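*Asks:* One structure, pasted below without further comment.
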Amino acid sequence: ELCKESGALPGGKYITSMDIIDDYTIRFNLTEWNSQVVYNIGRPFMFSPTAFQKNGKDWAIIHAVATGPFKVVEFQRDVAVKLEKNENYWRPGRPYLDGVEFRVVKEPATCSAMMQAGQADFWMQTSAQEGADLRDMGYPVLTGPNVINNIYGDSANPESPFAIKKVREAIEYAIDRQASSDALGFGFTQPINQLAPPGTQGYNPDYAGRPYNPDKAMQLVAEAGFPDGIKTTMMLMPTALNAGTVIQNYLAEVGIDVELDVADPGRYWGGIFATGWEGLLLGVSALNPEYCVVFLHHFGP
């Protein structure tokens, strides 16, 4: 209920009420059929009922009570989170570390400098370019199937040009995925032509996709009712600026003028999970295509 009220539960607006059937069963009553509900309700973290009842809603929102290997000792929004070893952790001999500090650093160049100066032990989700640079310097880089980079339109807004199918198709035709992957991925990425990547549920090896065709893209923009083109914004994080610039240039060639809105993590994720966004959003989703479907179906201004 807290997640639903706060907007942190994707698709929460479809849930009208919840009934506890027994100790192991809960029924969600929906406004309409929605295939993503089970997936959505599995995403939020559990609150400790005991801590919630003892301390109240406001306290529970910003205090984690759980069974993990570390305890939160300091939290500064958009700055840092400091953890210390949980001496009562259920698994004997773990964790190995006495503590961990996660710092929010907005600029990739600063992150790279911190790594080289020994001020950081690891960098989570480095951009491909910085990852390649550090790899060339001898730093180990852990890679593997991770996330999908997507462009999300505010198609939930009926007044948005991205609510029009032909405009969305135009964006697909406008971007050369292979060239973009080669230029931006530094050997770490590969292009895909559908929501489900190879090896995941729903992948269709026979689907050819929409190949790079800027002439077709311009035609679709005009057919959609925008003969003079479209002006819009695209929100993205600093680590995605290079990709955003490439996309901006491709779309400009077909009449879609994009202004890049580089957002800090707080505003970026707040737009996704709470307030929505206007225009386009450049983001990532898990390899599971259902995660991406949640974004496409539920979020908008």
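As shown in the structure tokens, the chain order sets the letters A, B, ...; within each chain, residues go from 1, and ligands are also counted from 1 in the order they appear.
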If you count only C-alpha atoms, which residues fall within 10 Å of Leu83 of chain A, apart from same-chain ones fewer than 5 positions away, as a list in words?
*Replies:* Pro69, Phe70, Lys71, Val72, Val73, Glu74, Phe75, Asp98, Gly99, Val100, Glu101 and Phe102 of chain A
*Asks:* Once you have the residues from the selection above, write them out as a compact mmCIF listing (two decimals), in the first residue's frame, restricted to C-alpha atoms.
*Replies:*
# COMPACT_ATOMS: atom_id res chain seq x y z
CA PRO A 69 24.85 -8.69 5.40
CA PHE A 70 25.25 -4.95 6.06
CA LYS A 71 23.59 -2.22 8.11
CA VAL A 72 23.00 1.34 6.91
CA VAL A 73 24.89 3.76 9.15
CA GLU A 74 24.62 6.92 7.03
CA PHE A 75 22.47 7.96 4.09
CA ASP A 98 33.77 -4.57 7.59
CA GLY A 99 31.91 -1.96 5.59
CA VAL A 100 31.12 -0.51 2.18
CA GLU A 101 30.56 3.06 1.04
CA PHE A 102 28.68 3.86 -2.16
*Asks:* Counting only C-alpha atoms, what is within 12 Å of Ile26 of chain A, bar same-chain residues fewer than 4 positions away, as a PyMOL selection string?
*Replies:* chain A and resi 17-22+38+41
*Asks:* Could you find all residues in segment 45-254 of chain A that DSSP calls strand (DSSP E) from the backbone, and write them as number ranges by chain?
*Replies:* A: 70-76, 80-85, 99-103, 147-153, 230-236
*Asks:* Restricted to N, CA and C atoms, what would the selected residues look like written as a short mmCIF file (atom, residue, chain, number, x, y, z; two decimals), in the first residue's frame?
*Replies:*
data_model
loop_
_atom_site.label_atom_id
_atom_site.label_comp_id
_atom_site.auth_asym_id
_atom_site.auth_seq_id
_atom_site.Cartn_x
_atom_site.Cartn_y
_atom_site.Cartn_z
N PHE A 70 24.76 -6.25 5.59
CA PHE A 70 25.25 -4.95 6.06
C PHE A 70 24.13 -4.12 6.66
N LYS A 71 24.52 -3.16 7.50
CA LYS A 71 23.59 -2.22 8.11
C LYS A 71 23.88 -0.82 7.58
N VAL A 72 22.83 -0.04 7.35
CA VAL A 72 23.00 1.34 6.91
C VAL A 72 23.35 2.20 8.12
N VAL A 73 24.48 2.89 8.04
CA VAL A 73 24.89 3.76 9.15
C VAL A 73 24.79 5.24 8.77
N GLU A 74 24.77 5.53 7.46
CA GLU A 74 24.62 6.92 7.03
C GLU A 74 24.05 6.95 5.62
N PHE A 75 23.09 7.82 5.41
CA PHE A 75 22.47 7.96 4.09
C PHE A 75 22.30 9.43 3.77
N GLN A 76 22.92 9.87 2.67
CA GLN A 76 22.76 11.23 2.17
C GLN A 76 22.26 11.13 0.74
N ALA A 80 25.84 9.83 -0.83
CA ALA A 80 26.52 8.60 -0.43
C ALA A 80 25.65 7.76 0.48
N VAL A 81 25.96 6.46 0.53
CA VAL A 81 25.37 5.52 1.48
C VAL A 81 26.52 4.75 2.11
N LYS A 82 26.58 4.76 3.45
CA LYS A 82 27.63 4.04 4.17
C LYS A 82 27.01 2.84 4.88
N LEU A 83 27.66 1.69 4.71
CA LEU A 83 27.19 0.44 5.32
C LEU A 83 28.28 -0.12 6.22
N GLU A 84 27.87 -0.81 7.27
CA GLU A 84 28.82 -1.53 8.12
C GLU A 84 28.35 -2.97 8.27
N LYS A 85 29.28 -3.82 8.65
CA LYS A 85 29.02 -5.25 8.76
C LYS A 85 27.90 -5.53 9.76
N GLY A 99 32.83 -3.00 6.01
CA GLY A 99 31.91 -1.96 5.59
C GLY A 99 32.08 -1.63 4.12
N VAL A 100 31.10 -0.94 3.58
CA VAL A 100 31.12 -0.51 2.18
C VAL A 100 30.52 0.89 2.11
N GLU A 101 31.12 1.73 1.27
CA GLU A 101 30.56 3.06 1.04
C GLU A 101 30.29 3.24 -0.45
N PHE A 102 29.06 3.57 -0.78
CA PHE A 102 28.68 3.86 -2.16
C PHE A 102 28.56 5.37 -2.32
N ARG A 103 29.28 5.91 -3.28
CA ARG A 103 29.23 7.35 -3.53
C ARG A 103 28.54 7.63 -4.87
N VAL A 147 22.07 -5.14 -19.50
CA VAL A 147 20.88 -4.31 -19.67
C VAL A 147 20.65 -4.00 -21.15
N ILE A 148 19.45 -3.53 -21.44
CA ILE A 148 19.09 -3.06 -22.77
C ILE A 148 19.00 -1.54 -22.71
N ASN A 149 19.61 -0.87 -23.67
CA ASN A 149 19.45 0.58 -23.78
C ASN A 149 18.25 0.86 -24.67
N ASN A 150 17.33 1.65 -24.15
CA ASN A 150 16.08 1.92 -24.85
C ASN A 150 15.79 3.40 -24.91
N ILE A 151 14.98 3.78 -25.90
CA ILE A 151 14.40 5.12 -25.95
C ILE A 151 12.92 4.97 -25.60
N TYR A 152 12.50 5.65 -24.54
CA TYR A 152 11.11 5.59 -24.10
C TYR A 152 10.41 6.91 -24.44
N GLY A 153 9.29 6.84 -25.12
CA GLY A 153 8.49 8.02 -25.37
C GLY A 153 7.37 8.15 -24.35
N ILE A 230 9.35 17.71 -35.72
CA ILE A 230 8.95 17.62 -34.32
C ILE A 230 10.06 18.20 -33.45
N LYS A 231 9.69 18.98 -32.46
CA LYS A 231 10.64 19.45 -31.46
C LYS A 231 10.31 18.79 -30.13
N THR A 232 11.31 18.25 -29.48
CA THR A 232 11.08 17.54 -28.23
C THR A 232 12.34 17.57 -27.37
N THR A 233 12.25 16.98 -26.19
CA THR A 233 13.41 16.85 -25.30
C THR A 233 13.64 15.37 -25.02
N MET A 234 14.84 15.04 -24.60
CA MET A 234 15.15 13.67 -24.18
C MET A 234 15.93 13.73 -22.88
N MET A 235 15.34 13.19 -21.82
CA MET A 235 16.01 13.15 -20.53
C MET A 235 16.94 11.95 -20.48
N LEU A 236 18.13 12.17 -19.93
CA LEU A 236 19.12 11.10 -19.84
C LEU A 236 20.07 11.41 -18.69
#
*Asks:* How would you write, as an MDAnalysis selection string, the set of residues in segment 178-262 of chain A that DSSP gives as alpha helix (DSSP H)?
*Replies:* chainID A and resid 178:185 214:223 241:252
*Asks:* Of the candidates A:Glu87, A:Glu1, A:Glu130, A:Glu278, which one gets nearest to Gly185 of chain A if we count only C-alpha atoms?
*Replies:*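 The shortest atom-to-atom distance to Gly185 of chain A comes from A:Glu130.
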*Asks:* Find the residue from A:Val37, A:Ile171, A:Lys57, A:Phe122 that sits nearest to Glu5 of chain A; use only C-alpha atoms when measuring.
*Replies:* A:Lys57
*Asks:* Which neighbours of Phe162 of chain A fall inside 12 Å, counting only C-alpha atoms, when residues of the same chain fewer than 3 positions from it are skipped, and could you give them as a ChimeraX atom specification?
*Replies:* /A:151-159,165-171,221,224-226,230-233,256,278-281,296,300
*Asks:* Next, write the just-selected residues to a file, as a CSV table (one decimal), in the first residue's frame, keeping C-alpha atoms as the atom set.
*Replies:*
chain,number,residue,atom,x,y,z
A,151,ILE,CA,14.4,5.1,-26.0
A,152,TYR,CA,11.1,5.6,-24.1
A,153,GLY,CA,8.5,8.0,-25.4
A,154,ASP,CA,5.8,9.6,-23.2
A,155,SER,CA,3.2,7.6,-25.2
A,156,ALA,CA,0.9,7.4,-22.2
A,157,ASN,CA,0.1,11.1,-22.9
A,158,PRO,CA,-2.4,11.2,-25.7
A,159,GLU,CA,-1.2,14.7,-26.7
A,165,LYS,CA,2.6,4.8,-33.9
A,166,LYS,CA,4.1,6.2,-37.1
A,167,VAL,CA,6.3,8.6,-35.0
A,168,ARG,CA,7.6,5.7,-32.9
A,169,GLU,CA,8.3,3.7,-36.1
A,170,ALA,CA,10.1,6.7,-37.6
A,171,ILE,CA,12.5,6.7,-34.7
A,221,VAL,CA,7.0,11.8,-39.6
A,224,ALA,CA,1.9,11.3,-38.8
A,225,GLY,CA,1.0,15.0,-39.2
A,226,PHE,CA,4.3,16.7,-38.7
A,230,ILE,CA,8.9,17.6,-34.3
A,231,LYS,CA,10.6,19.5,-31.5
A,232,THR,CA,11.1,17.5,-28.2
A,233,THR,CA,13.4,16.8,-25.3
A,256,ILE,CA,13.0,15.3,-35.1
A,278,GLU,CA,7.8,14.9,-21.3
A,279,GLY,CA,9.1,13.8,-24.7
A,280,LEU,CA,11.8,11.1,-24.8
A,281,LEU,CA,13.8,9.3,-22.1
A,296,LEU,CA,6.4,1.4,-21.9
A,300,GLY,CA,4.2,9.1,-18.6
*Asks:* Within 9 Å of Ala240 of chain A, counting only C-alpha atoms, which residues show up once you throw out same-chain ones fewer than 3 positions away? Write them as a PyMOL selection string, please.
*Replies:* chain A and resi 127+236-237+243-245+262+282-283
*Asks:* Could you dump the residues just selected with C-alpha atoms as a CSV table (one decimal), in the first residue's frame?
*Replies:*
chain,number,residue,atom,x,y,z
A,127,SER,CA,30.1,3.8,-19.6
A,236,LEU,CA,19.1,11.1,-19.8
A,237,MET,CA,21.8,10.6,-17.2
A,243,ALA,CA,24.7,7.9,-26.8
A,244,GLY,CA,22.2,10.7,-26.5
A,245,THR,CA,24.3,12.9,-28.8
A,262,VAL,CA,20.9,15.8,-18.7
A,282,LEU,CA,17.0,7.4,-22.8
A,283,GLY,CA,17.3,4.6,-20.3
*Asks:* Counting only C-alpha atoms, what is within 10 Å of Val65 of chain A, bar same-chain residues fewer than 5 positions away, as a list in words?
*Replies:*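 Those residues are Met46, Phe47, Ser48, Pro49, Thr50, Ala51, Phe52, Ala60, Lys71 and Val72 of chain A.
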*Asks:* Store the residues picked out above in a file with C-alpha atoms, as a PDB file, in the first residue's frame.
*Replies:*
ATOM      1  CA  MET A  46       9.688  -5.629   1.833  1.00  0.00           C
ATOM      2  CA  PHE A  47       9.133  -3.498   4.908  1.00  0.00           C
ATOM      3  CA  SER A  48       9.552  -5.052   8.332  1.00  0.00           C
ATOM      4  CA  PRO A  49       5.978  -5.187   9.724  1.00  0.00           C
ATOM      5  CA  THR A  50       7.315  -5.052  13.283  1.00  0.00           C
ATOM      6  CA  ALA A  51       9.440  -1.965  12.622  1.00  0.00           C
ATOM      7  CA  PHE A  52       6.602  -0.327  10.718  1.00  0.00           C
ATOM      8  CA  ALA A  60       9.739   3.288   7.794  1.00  0.00           C
ATOM      9  CA  LYS A  71      23.589  -2.216   8.105  1.00  0.00           C
ATOM     10  CA  VAL A  72      23.001   1.342   6.908  1.00  0.00           C
TER      11      VAL A  72
END
